[in-house]
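Enquirer: Before I ask anything, let me first share the structure, which is written out below as structure tokens.
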Amino acid sequence: MPVKVLDRIRLIARTLEDEPGLTAPELAERVGFGRRHMSLLLLRLEEHGHVVHEGRRWFPREGARETIR
């Protein structure tokens, strides 16, 4: 995985750890991504077990931090 992509994923993970429960648009605004891109990326991260969502709110999955290093 290219370093830039991994750095972006780490930024998302850190942001959700610092501010759990953000919506995709809120998270996109904080990290400087487009809203659609963020929504798709969060869905992919959910498929791989790194994040979970409740309604529109996103949270880091417990123990997922170790897998995004």
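Chains: A, B, ... in order of the structure tokens. Residues: from 1 per chain. Ligands: from 1, in order shown.
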Check the DSSP output for the backbone and give back, as a short mmCIF file (atom, residue, chain, number, x, y, z; two decimals) with C-alpha atoms, in the first residue's frame, the residues of region 16-54 of chain A in helix (DSSP H, G or I).
Expert:
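Writing the result to part.cif gives the following:
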data_model
loop_
_atom_site.label_atom_id
_atom_site.label_comp_id
_atom_site.auth_asym_id
_atom_site.auth_seq_id
_atom_site.Cartn_x
_atom_site.Cartn_y
_atom_site.Cartn_z
CA LEU A 16 -12.07 8.94 15.07
CA GLU A 17 -10.16 7.99 18.22
CA ASP A 18 -10.00 11.66 19.24
CA ALA A 24 -18.83 10.98 7.32
CA PRO A 25 -19.25 14.65 6.26
CA GLU A 26 -17.85 15.88 9.59
CA LEU A 27 -14.89 13.53 9.33
CA ALA A 28 -14.28 14.51 5.70
CA GLU A 29 -14.19 18.17 6.69
CA ARG A 30 -11.70 17.57 9.51
CA VAL A 31 -9.23 15.57 7.40
CA ARG A 35 -17.63 13.74 1.37
CA ARG A 36 -18.24 10.98 -1.16
CA HIS A 37 -14.66 9.75 -0.96
CA MET A 38 -14.90 9.62 2.83
CA SER A 39 -18.16 7.67 2.77
CA LEU A 40 -16.71 5.07 0.43
CA LEU A 41 -13.48 4.82 2.41
CA LEU A 42 -15.36 4.36 5.70
CA LEU A 43 -17.42 1.57 4.16
CA ARG A 44 -14.24 -0.16 3.02
CA LEU A 45 -12.64 0.28 6.46
CA GLU A 46 -15.78 -1.21 7.99
CA GLU A 47 -15.52 -4.24 5.69
#
Enquirer: List the spatial neighbours of Arg14 (chain A) as a PyMOL selection string - criterion: any atom at most 9 Å away, only C-alpha atoms, same-chain residues fewer than 4 positions off excluded.
Expert: chain A and resi 9-10+18-19+60+65
Enquirer: Just the selected residues (C-alpha atoms), exported as a compact mmCIF listing (two decimals), in the first residue's frame, please.
Expert:
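Listed below is the output, result.txt:
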# COMPACT_ATOMS: atom_id res chain seq x y z
CA ILE A 9 -6.02 5.95 6.74
CA ARG A 10 -4.01 6.57 9.90
CA ASP A 18 -10.00 11.66 19.24
CA GLU A 19 -13.60 12.42 18.22
CA PRO A 60 -13.14 3.12 15.76
CA ARG A 65 -5.67 0.66 16.19
Enquirer: Quick one, how far is CA of Val5 (chain A) from CA of His50 (chain A)?
Expert: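 Value for the CA of Val5 (chain A)-CA of His50 (chain A) distance: 15.1 Å.
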Enquirer: One decimal, Å: what's the distance from CA of Ala13 (chain A) over to CA of Val51 (chain A), could you say?
Expert: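 Value for the CA of Ala13 (chain A)-CA of Val51 (chain A) distance: 8.2 Å.
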Enquirer: What gap, in Å, lies between CA of Arg61 (chain A) and CA of Thr15 (chain A)?
Expert: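 Answer for the CA of Arg61 (chain A) to CA of Thr15 (chain A) separation: 13.0 Å.
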